[in-house]
file work_29.txt (compact mmCIF, C-alpha atoms)
# COMPACT_ATOMS: atom_id res chain seq x y z
CA MET A 1 0.00 0.00 0.00
CA LYS A 2 1.41 3.35 -0.99
CA GLU A 3 0.37 6.94 -0.54
CA ASN A 4 -2.74 7.96 -2.55
CA GLU A 5 -3.68 4.36 -3.27
CA THR A 6 -7.31 3.42 -2.64
CA CYS A 7 -8.01 1.95 0.80
CA GLU A 8 -8.46 -1.81 0.53
CA ASP A 9 -10.80 -1.84 3.53
CA CYS A 10 -13.50 0.72 2.62
CA PHE A 11 -12.63 1.36 -1.06
CA ALA A 12 -13.79 4.95 -0.56
CA GLY A 13 -10.78 6.82 0.80
CA THR A 14 -7.14 7.17 -0.15
CA MET A 15 -4.15 6.25 1.99
CA GLU A 16 -2.33 9.36 3.24
CA ILE A 17 1.08 9.15 4.84
CA ASP A 18 1.85 10.42 8.34
CA ALA A 19 5.57 11.13 8.30
CA HIS A 20 5.91 11.45 12.08
CA LYS A 21 4.27 8.12 12.82
CA GLY A 22 5.57 6.25 9.79
CA GLU A 23 2.03 5.14 8.96
CA LEU A 24 -0.54 5.29 6.20
CA ILE A 25 -4.02 6.44 7.27
CA CYS A 26 -7.21 6.17 5.20
CA SER A 27 -8.83 9.57 4.70
CA GLU A 28 -12.28 7.98 4.82
CA CYS A 29 -12.47 5.16 7.38
CA GLY A 30 -9.32 5.93 9.40
CA ILE A 31 -7.71 2.49 9.16
CA VAL A 32 -3.96 2.54 9.80
CA ALA A 33 -1.27 0.56 8.00
CA ALA A 34 2.50 0.53 8.39
CA SER A 35 4.49 2.57 5.89
CA GLN A 36 7.63 1.17 4.29
CA ASP A 37 9.21 4.61 4.31
CA LEU A 38 10.38 6.19 7.55
CA PHE A 39 11.08 9.87 7.81
CA ASP A 40 13.55 11.61 10.06
CA GLY A 41 11.32 13.68 12.35
CA ASP A 42 14.18 15.59 14.00
CA ALA A 43 13.09 19.06 12.95
CA GLY A 44 16.09 20.57 14.71
CA LYS A 45 18.53 18.95 12.31
CA THR A 46 18.12 21.51 9.55
CA THR A 47 15.71 24.14 10.89
CA TYR A 48 17.76 26.13 13.33
CA GLY A 49 20.36 28.05 11.36
CA GLY A 50 20.98 25.22 8.89
CA ASP A 51 23.64 23.62 11.08
CA SER A 52 23.99 19.87 11.32
CA ALA A 53 22.50 18.48 14.50
CA THR A 54 25.36 15.96 14.60
CA HIS A 55 27.95 18.64 15.38
CA HIS A 56 26.01 21.60 16.77
CA GLY A 57 23.50 22.10 19.57
CA VAL A 58 19.90 22.35 18.47
CA GLN A 59 16.80 23.78 20.06
CA ARG A 60 14.97 21.18 22.19
CA ASN A 61 12.31 23.19 24.00
CA CYS A 62 9.47 20.86 23.04
CA ASP A 63 8.36 17.38 24.02
CA SER A 64 11.35 15.08 23.61
CA ASN A 65 9.00 12.29 22.57
CA ASP A 66 8.22 14.34 19.48
CA GLN A 67 11.82 13.95 18.27
CA THR A 68 11.28 10.89 16.09
CA GLY A 69 14.36 8.63 16.02
CA THR A 70 16.28 10.71 18.58
CA GLN A 71 16.17 11.07 22.36
CA GLY A 72 12.52 10.09 22.74
CA SER A 73 11.13 7.56 25.19
CA TYR A 74 13.25 4.40 25.36
CA MET A 75 11.73 0.99 24.57
CA ASP A 76 13.60 -2.04 25.91
CA LEU A 77 13.67 -4.81 23.27
CA SER A 78 15.51 -7.38 25.36
CA GLY A 79 12.39 -9.48 25.91
CA VAL A 80 11.07 -9.26 22.35
CA PRO A 81 11.32 -12.51 20.28
CA ALA A 82 13.80 -12.38 17.42
CA SER A 83 11.04 -12.79 14.82
CA GLN A 84 9.33 -9.59 16.08
CA ARG A 85 12.40 -7.53 16.88
CA ARG A 86 12.62 -5.84 13.49
CA ASP A 87 9.01 -4.66 13.73
CA TRP A 88 9.44 -3.42 17.30
CA ALA A 89 12.68 -1.66 16.38
CA ARG A 90 10.65 0.37 13.90
CA ARG A 91 8.00 1.06 16.51
CA ARG A 92 10.66 2.31 18.91
CA LYS A 93 11.46 5.08 16.46
CA VAL A 94 7.87 6.02 15.74
CA ASN A 95 6.34 8.90 17.67
CA ARG A 96 3.69 7.63 20.08
CA SER A 97 3.40 10.78 22.17
CA THR A 98 0.22 12.02 20.51
CA SER A 99 -3.15 10.36 19.95
CA ARG A 100 -5.05 10.30 16.69
CA ILE A 101 -8.78 10.20 16.06
CA LYS A 102 -9.71 6.54 15.67
CA HIS A 103 -12.84 7.20 13.67
CA PRO A 104 -12.44 10.51 11.80
CA LEU A 105 -15.54 9.86 9.67
CA SER A 106 -17.85 9.82 12.71
CA VAL A 107 -16.36 13.15 13.84
CA ALA A 108 -16.85 14.61 10.37
CA VAL A 109 -20.47 13.39 10.22
CA ARG A 110 -21.20 14.84 13.67
CA LYS A 111 -19.81 18.22 12.62
CA LYS A 112 -21.82 18.13 9.39
CA VAL A 113 -25.07 17.38 11.26
CA LYS A 114 -24.40 20.31 13.60
CA GLU A 115 -23.62 22.56 10.64
CA MET A 116 -26.75 21.59 8.68
CA TYR A 117 -29.31 21.02 11.45
CA GLY A 118 -27.94 22.62 14.61
CA ASP A 119 -26.57 21.49 17.96
CA TYR A 120 -29.92 20.08 19.15
CA ALA A 121 -30.03 17.63 16.24
CA SER A 122 -26.35 16.64 16.55
CA ARG A 123 -26.91 15.56 20.17
CA ALA A 124 -30.10 13.68 19.34
CA VAL A 125 -28.54 11.63 16.51
CA GLU A 126 -25.26 10.81 18.31
CA PRO A 127 -26.22 7.12 18.88
CA TYR A 128 -27.07 6.70 15.20
CA ILE A 129 -23.79 8.29 14.10
CA LYS A 130 -21.86 5.83 16.27
CA MET A 131 -23.68 2.77 14.98
CA ALA A 132 -23.39 3.97 11.37
CA CYS A 133 -19.70 4.92 11.37
CA LYS A 134 -17.96 2.72 13.94
CA PRO A 135 -17.21 -1.03 13.64
CA LEU A 136 -18.40 -3.62 16.12
CA LYS A 137 -15.90 -4.60 18.79
CA GLY A 138 -15.20 -7.49 21.12
CA GLU A 139 -18.17 -9.63 22.08
CA LEU A 140 -20.53 -7.99 19.59
CA GLU A 141 -18.25 -8.81 16.65
CA GLU A 142 -17.90 -12.37 17.94
CA GLN A 143 -21.69 -12.72 18.03
CA ARG A 144 -21.93 -11.38 14.51
CA SER A 145 -19.23 -13.75 13.24
CA ALA A 146 -21.06 -16.69 14.84
CA LEU A 147 -24.00 -16.02 12.49
CA GLU A 148 -21.94 -17.26 9.53
CA GLY A 149 -23.85 -20.09 7.92
CA LYS A 150 -26.84 -19.57 10.23
CA ASP A 151 -28.38 -16.24 9.22
CA LYS A 152 -26.50 -14.60 6.36
CA ALA A 153 -28.97 -11.71 6.01
CA LEU A 154 -28.73 -10.80 9.69
CA LYS A 155 -24.93 -11.00 9.63
CA LYS A 156 -24.87 -8.66 6.63
CA ALA A 157 -27.27 -6.20 8.27
CA LEU A 158 -25.05 -6.05 11.37
CA GLY A 159 -22.08 -4.93 9.29
CA MET A 160 -20.95 -1.31 9.60
CA PRO A 161 -23.49 0.78 7.59
CA LYS A 162 -20.98 3.32 6.33
CA GLN A 163 -18.98 0.55 4.65
CA SER A 164 -22.04 -0.59 2.75
CA ILE A 165 -23.12 2.97 1.88
CA CYS A 166 -19.66 3.97 0.61
CA ARG A 167 -19.35 0.78 -1.49
CA LYS A 168 -22.66 1.16 -3.31
CA GLY A 169 -22.64 1.46 -7.08
CA GLN A 170 -22.19 4.63 -9.07
CA GLY A 171 -25.07 7.04 -8.47
CA VAL A 172 -25.98 5.48 -5.11
CA ARG A 173 -22.87 6.22 -3.06
CA GLY A 174 -21.51 9.75 -2.81
CA GLU A 175 -19.39 10.99 -5.67
CA THR A 176 -16.72 12.31 -3.27
CA SER A 177 -15.68 11.79 0.34
CA GLU A 178 -17.34 15.07 1.28
CA GLN A 179 -20.60 14.01 -0.34
CA ASN A 180 -20.48 10.70 1.55
CA ILE A 181 -20.19 12.67 4.79
CA VAL A 182 -23.20 14.81 3.81
CA LEU A 183 -25.14 11.71 2.77
CA LEU A 184 -24.48 10.00 6.11
CA ALA A 185 -25.39 13.18 8.03
CA MET A 186 -28.72 13.52 6.22
CA ALA A 187 -29.43 9.80 6.58
CA VAL A 188 -28.93 9.65 10.37
CA VAL A 189 -31.17 12.72 10.82
CA GLU A 190 -33.82 11.08 8.64
CA VAL A 191 -33.56 7.86 10.68
CA ALA A 192 -33.88 9.79 13.95
CA GLY A 193 -36.99 11.47 12.56
CA ARG A 194 -38.57 8.17 11.58
CA LEU A 195 -37.84 6.68 15.00
CA GLY A 196 -39.35 9.70 16.77
CA GLN A 197 -36.12 11.08 18.22
CA LEU A 198 -36.39 14.25 16.13
CA SER A 199 -39.18 16.00 14.32
CA LYS A 200 -38.97 15.18 10.63
CA MET A 201 -36.82 17.55 8.58
CA ASP A 202 -37.60 18.93 5.14
CA ARG A 203 -35.09 16.95 3.09
CA ARG A 204 -35.67 18.84 -0.17
CA SER A 205 -33.65 21.98 0.53
CA GLY A 206 -30.69 20.01 1.87
CA MET A 207 -30.72 17.60 -1.06
CA GLU A 208 -30.82 20.40 -3.60
CA HIS A 209 -28.06 22.39 -1.89
CA GLN A 210 -25.76 19.40 -1.29
CA GLY A 211 -26.40 17.60 -4.59
CA ILE A 212 -27.87 14.49 -2.94
CA SER A 213 -30.40 12.51 -4.97
CA THR A 214 -33.52 10.82 -3.60
CA ARG A 215 -32.08 7.46 -4.61
CA GLN A 216 -28.90 8.06 -2.61
CA LEU A 217 -30.72 9.21 0.53
CA VAL A 218 -33.36 6.47 0.47
CA SER A 219 -30.66 3.80 0.06
CA ALA A 220 -28.54 5.18 2.92
CA VAL A 221 -31.56 5.49 5.24
CA LYS A 222 -32.63 1.92 4.46
CA THR A 223 -29.13 0.60 5.25
CA ILE A 224 -28.96 2.37 8.63
CA LEU A 225 -32.52 1.39 9.56
CA ASN A 226 -31.86 -2.26 8.71
CA HIS A 227 -28.72 -2.15 10.85
CA TYR A 228 -30.64 -0.65 13.77
CA LYS A 229 -33.42 -3.23 13.50
CA ALA A 230 -30.79 -6.00 13.39
CA ARG A 231 -29.23 -4.65 16.61
CA VAL A 232 -32.65 -4.64 18.26
CA ARG A 233 -33.19 -8.22 17.10
CA MET A 234 -29.87 -9.25 18.65
CA GLY A 235 -30.82 -7.55 21.92
CA TRP A 236 -28.03 -4.96 21.65
CA GLU A 237 -30.49 -2.06 21.48
CA THR A 238 -33.95 -1.56 22.88
CA ALA A 239 -36.70 -0.53 20.50
CA PRO A 240 -37.46 3.18 20.95
CA ARG A 241 -40.53 3.99 23.00
CA LYS A 242 -43.26 5.29 20.78
CA LYS A 243 -43.79 8.92 21.66
CA THR A 244 -47.22 10.38 22.21
CA PRO A 245 -48.50 13.08 19.81
CA GLY A 246 -47.98 15.64 22.57
CA GLU A 247 -44.35 14.61 23.11
CA ILE A 248 -43.67 14.72 19.38
CA ARG A 249 -45.23 18.18 19.17
CA GLU A 250 -43.24 19.40 22.18
CA ASP A 251 -39.96 18.13 20.69
CA GLY A 252 -40.76 19.86 17.41
CA VAL A 253 -41.53 23.17 19.13
CA ASP A 254 -38.38 23.03 21.28
CA GLN A 255 -36.21 22.28 18.29
CA ALA A 256 -37.73 24.99 16.09
CA VAL A 257 -37.50 27.61 18.87
CA HIS A 258 -33.84 26.69 19.46
CA HIS A 259 -32.93 27.09 15.77
CA ILE A 260 -34.75 30.42 15.42
CA HIS A 261 -33.07 31.87 18.52
CA ASP A 262 -29.69 30.87 17.05
CA MET A 263 -30.51 32.91 13.96
CA LEU A 264 -31.94 35.90 15.86
CA SER A 265 -28.92 36.16 18.16
CA ASP A 266 -26.94 37.46 15.16
CA VAL A 267 -29.70 39.83 14.02
CA LEU A 268 -31.31 41.51 17.05
CA THR A 269 -29.84 43.48 19.91
CA GLU A 270 -29.73 41.72 23.25
CA SER A 271 -32.59 43.82 24.70
CA ASN A 272 -34.81 43.29 21.64
CA HIS A 273 -34.04 39.59 21.63
CA LEU A 274 -34.99 39.24 25.31
CA GLU A 275 -38.24 41.19 24.83
CA LEU A 276 -39.11 39.09 21.80
CA ASN A 277 -38.38 35.85 23.67
CA GLN A 278 -40.76 36.82 26.48
CA ASP A 279 -43.56 37.67 24.07
CA VAL A 280 -43.05 34.48 22.02
CA GLU A 281 -43.09 32.22 25.09
CA ALA A 282 -46.33 33.79 26.34
CA ARG A 283 -47.85 33.49 22.87
CA LEU A 284 -46.88 29.80 22.62
CA ALA A 285 -48.48 29.22 26.03
CA LEU A 286 -51.69 30.94 24.88
CA LEU A 287 -51.75 28.57 21.89
CA ASN A 288 -51.04 25.53 24.11
CA GLU A 289 -48.19 24.78 21.71
CA GLY A 290 -45.98 21.91 22.71
CA THR A 291 -48.99 19.78 23.66
CA ALA A 292 -51.44 17.51 21.87
CA GLU A 293 -54.13 20.18 22.42
CA ALA A 294 -52.26 22.93 20.52
CA LEU A 295 -54.74 25.40 19.03
CA THR A 296 -52.51 25.57 15.95
CA GLY A 297 -52.17 21.80 15.84
CA ASN A 298 -53.45 21.65 12.26
CA THR A 299 -50.43 23.72 11.18
CA GLU A 300 -47.07 21.98 10.65
CA VAL A 301 -44.98 22.59 13.77
CA ARG A 302 -42.16 24.59 12.15
CA MET A 303 -44.61 26.82 10.32
CA ALA A 304 -46.61 27.33 13.53
CA VAL A 305 -43.49 28.39 15.43
CA CYS A 306 -42.33 30.68 12.61
CA VAL A 307 -45.76 32.36 12.50
CA THR A 308 -45.70 32.78 16.29
CA PHE A 309 -42.30 34.48 16.13
CA TYR A 310 -43.47 36.64 13.23
CA ALA A 311 -46.57 37.73 15.19
CA SER A 312 -44.35 38.82 18.10
CA LEU A 313 -41.99 40.63 15.73
CA VAL A 314 -44.98 42.51 14.25
CA ARG A 315 -46.14 43.53 17.72
CA LEU A 316 -42.67 44.88 18.55
CA GLY A 317 -42.27 46.59 15.15
CA LEU A 318 -39.28 44.40 14.21
CA GLN A 319 -40.85 42.42 11.36
CA SER A 320 -39.06 44.09 8.42
CA GLY A 321 -37.30 41.38 6.40
CA MET A 322 -37.80 38.83 9.19
CA ALA A 323 -40.27 36.53 7.40
CA ASP A 324 -37.59 35.62 4.85
CA ARG A 325 -35.02 35.09 7.62
CA LEU A 326 -37.39 32.82 9.55
CA GLY A 327 -38.20 30.84 6.42
CA ALA A 328 -34.53 30.36 5.57
CA VAL A 329 -33.97 28.51 8.87
CA PHE A 330 -36.25 25.66 7.75
CA GLY A 331 -36.37 25.94 3.97
CA LEU A 332 -39.75 27.72 4.06
CA THR A 333 -40.65 30.86 2.12
CA GLY A 334 -41.14 34.27 3.68
CA SER A 335 -44.31 34.79 1.64
CA GLY A 336 -45.68 31.50 2.98
CA ILE A 337 -45.10 32.61 6.59
CA ARG A 338 -46.70 36.03 6.02
CA SER A 339 -49.66 34.44 4.26
CA ARG A 340 -50.23 31.96 7.08
CA TYR A 341 -49.95 34.70 9.69
CA GLU A 342 -52.52 36.87 7.88
CA ALA A 343 -54.89 33.88 7.60
CA LEU A 344 -54.68 33.18 11.35
CA VAL A 345 -55.22 36.85 12.20
CA ALA A 346 -58.25 37.05 9.88
CA ALA A 347 -59.74 33.82 11.29
CA GLU A 348 -59.47 35.03 14.89
CA ARG A 349 -60.79 38.51 14.12
CA ALA A 350 -63.80 37.02 12.33
CA GLY A 351 -64.49 34.71 15.27
CA GLU A 352 -63.99 31.64 13.09
CA MET A 353 -61.19 30.36 15.33
CA ASN A 354 -60.26 30.93 18.97
CA TYR A 355 -56.54 31.35 19.58
CA ASN A 356 -56.96 32.91 23.04
CA GLY A 357 -56.10 36.31 21.59
CA ALA A 358 -52.66 35.25 20.37
CA PHE A 359 -53.31 36.79 16.94
CA LEU A 360 -55.41 39.78 18.01
CA ASP A 361 -53.87 43.25 18.12
CA THR A 362 -54.95 44.43 21.57
CA GLU A 363 -53.56 46.80 24.17
CA LYS A 364 -52.79 43.88 26.45
CA SER A 365 -49.60 41.94 25.93
CA CYS A 366 -49.66 38.17 25.45
CA LEU A 367 -48.29 37.73 28.97
CA GLU A 368 -51.18 39.80 30.40
CA LEU A 369 -53.69 37.79 28.34
CA LEU A 370 -52.13 34.56 29.56
CA MET A 371 -52.24 35.65 33.22
CA ALA A 372 -55.91 36.59 32.90
CA LEU A 373 -56.74 33.30 31.18
CA HIS A 374 -54.66 31.00 33.42
CA PRO A 375 -53.76 32.68 36.75
CA ASP A 376 -51.99 29.51 37.91
CA HIS A 377 -50.69 28.38 34.52
CA THR A 378 -47.76 25.95 34.72
CA LEU A 379 -47.95 24.21 31.34
CA ILE A 380 -45.13 26.08 29.63
CA GLN A 381 -42.67 28.02 31.82
CA ARG A 382 -39.62 28.67 29.66
CA ALA A 383 -36.56 30.88 30.17
CA GLY A 384 -37.37 34.55 30.82
CA LEU A 385 -41.11 33.95 31.29
CA GLU A 386 -41.37 32.50 34.79
CA SER A 387 -39.87 35.55 36.51
CA LEU A 388 -42.23 37.90 34.66
CA TRP A 389 -45.12 35.57 35.43
CA ASN A 390 -44.41 35.67 39.17
CA LEU A 391 -43.80 39.42 39.06
CA GLY A 392 -47.19 40.00 37.43
CA LYS A 393 -48.97 37.96 40.13
CA GLU A 394 -47.51 40.01 43.02
CA PRO A 395 -49.84 42.69 44.41
CA SER A 396 -48.96 46.25 43.51
CA SER A 397 -47.09 48.19 46.21
CA SER A 398 -48.98 51.38 45.39

call {"tool": "encode", "arguments": {"input": "work_29.txt", "output": "structure tokens"}}
result
Amino acid sequence: MKENETCEDCFAGTMEIDAHKGELICSECGIVAASQDLFDGDAGKTTYGGDSATHHGVQRNCDSNDQTGTQGSYMDLSGVPASQRRDWARRRKVNRSTSRIKHPLSVAVRKKVKEMYGDYASRAVEPYIKMACKPLKGELEEQRSALEGKDKALKKALGMPKQSICRKGQGVRGETSEQNIVLLAMAVVEVAGRLGQLSKMDRRSGMEHQGISTRQLVSAVKTILNHYKARVRMGWETAPRKKTPGEIREDGVDQAVHHIHDMLSDVLTESNHLELNQDVEARLALLNEGTAEALTGNTEVRMAVCVTFYASLVRLGLQSGMADRLGAVFGLTGSGIRSRYEALVAAERAGEMNYNGAFLDTEKSCLELLMALHPDHTLIQRAGLESLWNLGKEPSSS
């Protein structure tokens, strides 16, 4: 195996040489192989003034273990069998003072999920990233190997999903290593959505932006789902508890609110952002959002949250250009958000729908409406709202 040759393990990455360690590392799956070429890692030999390190003092103000082939840590070979001594002599010269990432692909996929879907999603899909990108170890691999000749389909399903995904035919696997990372990131998020760990994402905008086809995504999702089901069948994982409609709605609201606040933190001043947050939380409570009895339950959760934020922005006079910004967070259109907001306002004004005043332009704030409607309301008490709630219930000192 030489530098830039295709990895014989995953067939997706190329072998890149690490001169300090004397190793070849796959850029895709991270497998390590010994290199036939060793490099002198003594940077002091030619760096400092061009003098030869053999005859002149050199700078040694760093970790001595980083001086490959020089005065690093000593390894006693007296007890090593003769047949292994040559290999261990090489290892004695190789720098072992630093650690490397064992599974760089899983790290890359985790970063891509966070970049595309936010920190909330990256934490939720962490178990699926691990099972998709990391090989089985120890007892689990032994159990899988024991299936040979007994259940070939189950043994295949228990194989590492990323290996299968990256080895698919042309047009099914990613065209590049970067596209494989994107494909895996989108697939684990889709799987988490199907299993109820996340609210389902709109895949269309991500596919169009990243150049992922429906065929690629469907194939990757199927591979990861089959692997997960196989793990459940083996008793390695427990089947996810089926969430209630209220729990699913609450998760969707929390996630959407989190993403929108991330966007607004770069747009609004701190005081405006705090005031908006208080009004939005009271408005969500008026709508019973985050529960199965949400008054806007017939509206898709991300649209409902975007409209709620837009209504609060209108009340505070901060709505200019915000509909488009809100839509961009979820791949929605600004015109769609404005249209839905106007429809909800018109329906409540006409008495066709009751939203507890959440979409009526009155002198009272949403917090005041909420306190009048539910004096002891405890359903939704989010950050910044509880203190105001308690303050409003205290008798006036005048």

call {"tool": "closest_atom_pairs", "arguments": {"input": "work_29.txt", "of": "stretch 186-283 of chain A", "to": "stretch 141-164 of chain A", "cutoff": "8 Å", "atoms": "all atoms listed in the file", "output": "CSV"}}
result
residue,atom,partner,partner_atom,distance
A:Thr223,CA,A:Pro161,CA,6.1
A:Ile224,CA,A:Pro161,CA,5.8
A:Asn226,CA,A:Ala157,CA,6.1
A:His227,CA,A:Ala157,CA,5.0
A:Ala230,CA,A:Leu158,CA,6.1
A:Arg231,CA,A:Leu158,CA,6.8

call {"tool": "atom_distance", "arguments": {"input": "work_29.txt", "atom1": "atom CA of A:His273", "atom2": "atom CA of A:Val113"}}
result
26.1 Å

call {"tool": "atom_distance", "arguments": {"input": "work_29.txt", "atom1": "atom CA of A:Thr238", "atom2": "atom CA of A:Leu195"}}
result
12.0 Å

call {"tool": "atom_distance", "arguments": {"input": "work_29.txt", "atom1": "atom CA of A:Ser106", "atom2": "atom CA of A:Lys134"}}
result
7.2 Å

call {"tool": "residues_around", "arguments": {"input": "work_29.txt", "residues": "stretch 355-372 of chain A", "least_positions_apart": "2", "cutoff": "7 Å", "atoms": "all atoms listed in the file", "output": "PyMOL selection string"}}
result
chain A and resi 279+282-283+286-287+295+344-345+348-349+353+374-375

call {"tool": "closest_residue", "arguments": {"input": "work_29.txt", "among": "A:Thr333, A:Gln216, A:Thr14, A:Thr291", "to": "A:Gly246", "atoms": "all atoms listed in the file"}}
result
A:Thr291

call {"tool": "closest_residue", "arguments": {"input": "work_29.txt", "among": "A:Lys229, A:His258, A:Arg123, A:Lys168", "to": "A:Arg215", "atoms": "only C-alpha atoms"}}
result
A:Lys168

call {"tool": "residues_around", "arguments": {"input": "work_29.txt", "residues": "A:Arg204", "least_positions_apart": "3", "cutoff": "12 Å", "atoms": "all atoms listed in the file", "output": "PDB file with C-alpha atoms, in the coordinates of the input"}}
result
ATOM      1  CA  MET A 186     -28.720  13.520   6.220  1.00  0.00           C
ATOM      2  CA  GLU A 190     -33.820  11.080   8.640  1.00  0.00           C
ATOM      3  CA  LYS A 200     -38.970  15.180  10.630  1.00  0.00           C
ATOM      4  CA  MET A 201     -36.820  17.550   8.580  1.00  0.00           C
ATOM      5  CA  MET A 207     -30.720  17.600  -1.060  1.00  0.00           C
ATOM      6  CA  GLU A 208     -30.820  20.400  -3.600  1.00  0.00           C
ATOM      7  CA  HIS A 209     -28.060  22.390  -1.890  1.00  0.00           C
ATOM      8  CA  GLN A 210     -25.760  19.400  -1.290  1.00  0.00           C
ATOM      9  CA  GLY A 211     -26.400  17.600  -4.590  1.00  0.00           C
ATOM     10  CA  ILE A 212     -27.870  14.490  -2.940  1.00  0.00           C
ATOM     11  CA  SER A 213     -30.400  12.510  -4.970  1.00  0.00           C
ATOM     12  CA  THR A 214     -33.520  10.820  -3.600  1.00  0.00           C
ATOM     13  CA  LEU A 217     -30.720   9.210   0.530  1.00  0.00           C
ATOM     14  CA  PHE A 330     -36.250  25.660   7.750  1.00  0.00           C
ATOM     15  CA  GLY A 331     -36.370  25.940   3.970  1.00  0.00           C
ATOM     16  CA  LEU A 332     -39.750  27.720   4.060  1.00  0.00           C
TER      17      LEU A 332
END

call {"tool": "closest_residue", "arguments": {"input": "work_29.txt", "among": "A:Gly290, A:Gly169, A:Gly118, A:Gly351", "to": "A:Glu247", "atoms": "all atoms listed in the file"}}
result
A:Gly290

call {"tool": "residues_around", "arguments": {"input": "work_29.txt", "residues": "stretch 249-257 of chain A", "least_positions_apart": "5", "cutoff": "12 Å", "atoms": "only C-alpha atoms", "output": "number ranges by chain"}}
result
A: 117-124, 193, 196-201, 243-244, 262-264, 276-277, 280-281, 284-285, 287-309, 326-327, 329-330, 379-380, 382-383

call {"tool": "closest_residue", "arguments": {"input": "work_29.txt", "among": "A:Ser265, A:Ala89, A:Cys26, A:Glu126", "to": "A:Glu5", "atoms": "all atoms listed in the file"}}
result
A:Cys26

call {"tool": "build_atoms", "arguments": {"input": "work_29.txt", "residues": "stretch 258-273 of chain A", "atoms": "N, CA and C atoms", "output": "PDB file, keeping the file's coordinate frame"}}
result
ATOM      1  N   HIS A 258     -35.309  26.662  19.289  1.00  0.00           N
ATOM      2  CA  HIS A 258     -33.840  26.690  19.460  1.00  0.00           C
ATOM      3  C   HIS A 258     -33.158  27.197  18.198  1.00  0.00           C
ATOM      4  N   HIS A 259     -33.559  26.678  17.032  1.00  0.00           N
ATOM      5  CA  HIS A 259     -32.930  27.090  15.770  1.00  0.00           C
ATOM      6  C   HIS A 259     -33.199  28.565  15.466  1.00  0.00           C
ATOM      7  N   ILE A 260     -34.412  29.023  15.718  1.00  0.00           N
ATOM      8  CA  ILE A 260     -34.750  30.420  15.420  1.00  0.00           C
ATOM      9  C   ILE A 260     -33.973  31.365  16.332  1.00  0.00           C
ATOM     10  N   HIS A 261     -33.843  31.017  17.609  1.00  0.00           N
ATOM     11  CA  HIS A 261     -33.070  31.870  18.520  1.00  0.00           C
ATOM     12  C   HIS A 261     -31.596  31.926  18.096  1.00  0.00           C
ATOM     13  N   ASP A 262     -31.066  30.842  17.577  1.00  0.00           N
ATOM     14  CA  ASP A 262     -29.690  30.870  17.050  1.00  0.00           C
ATOM     15  C   ASP A 262     -29.558  31.904  15.953  1.00  0.00           C
ATOM     16  N   MET A 263     -30.538  31.945  15.061  1.00  0.00           N
ATOM     17  CA  MET A 263     -30.510  32.910  13.960  1.00  0.00           C
ATOM     18  C   MET A 263     -30.693  34.329  14.467  1.00  0.00           C
ATOM     19  N   LEU A 264     -31.632  34.550  15.380  1.00  0.00           N
ATOM     20  CA  LEU A 264     -31.940  35.900  15.860  1.00  0.00           C
ATOM     21  C   LEU A 264     -30.822  36.495  16.696  1.00  0.00           C
ATOM     22  N   SER A 265     -30.016  35.648  17.324  1.00  0.00           N
ATOM     23  CA  SER A 265     -28.920  36.160  18.160  1.00  0.00           C
ATOM     24  C   SER A 265     -27.913  36.963  17.343  1.00  0.00           C
ATOM     25  N   ASP A 266     -27.858  36.715  16.031  1.00  0.00           N
ATOM     26  CA  ASP A 266     -26.940  37.460  15.160  1.00  0.00           C
ATOM     27  C   ASP A 266     -27.627  38.644  14.476  1.00  0.00           C
ATOM     28  N   VAL A 267     -28.929  38.817  14.729  1.00  0.00           N
ATOM     29  CA  VAL A 267     -29.700  39.830  14.020  1.00  0.00           C
ATOM     30  C   VAL A 267     -30.203  40.934  14.954  1.00  0.00           C
ATOM     31  N   LEU A 268     -30.712  40.556  16.125  1.00  0.00           N
ATOM     32  CA  LEU A 268     -31.310  41.510  17.050  1.00  0.00           C
ATOM     33  C   LEU A 268     -30.334  41.925  18.148  1.00  0.00           C
ATOM     34  N   THR A 269     -30.601  43.076  18.729  1.00  0.00           N
ATOM     35  CA  THR A 269     -29.840  43.480  19.910  1.00  0.00           C
ATOM     36  C   THR A 269     -30.249  42.596  21.074  1.00  0.00           C
ATOM     37  N   GLU A 270     -29.444  42.590  22.103  1.00  0.00           N
ATOM     38  CA  GLU A 270     -29.730  41.720  23.250  1.00  0.00           C
ATOM     39  C   GLU A 270     -31.069  42.087  23.906  1.00  0.00           C
ATOM     40  N   SER A 271     -31.338  43.397  24.055  1.00  0.00           N
ATOM     41  CA  SER A 271     -32.590  43.820  24.700  1.00  0.00           C
ATOM     42  C   SER A 271     -33.799  43.454  23.851  1.00  0.00           C
ATOM     43  N   ASN A 272     -33.702  43.649  22.519  1.00  0.00           N
ATOM     44  CA  ASN A 272     -34.810  43.290  21.640  1.00  0.00           C
ATOM     45  C   ASN A 272     -35.040  41.783  21.621  1.00  0.00           C
ATOM     46  N   HIS A 273     -33.934  41.043  21.648  1.00  0.00           N
ATOM     47  CA  HIS A 273     -34.040  39.590  21.630  1.00  0.00           C
ATOM     48  C   HIS A 273     -34.732  39.086  22.903  1.00  0.00           C
TER      49      HIS A 273
END
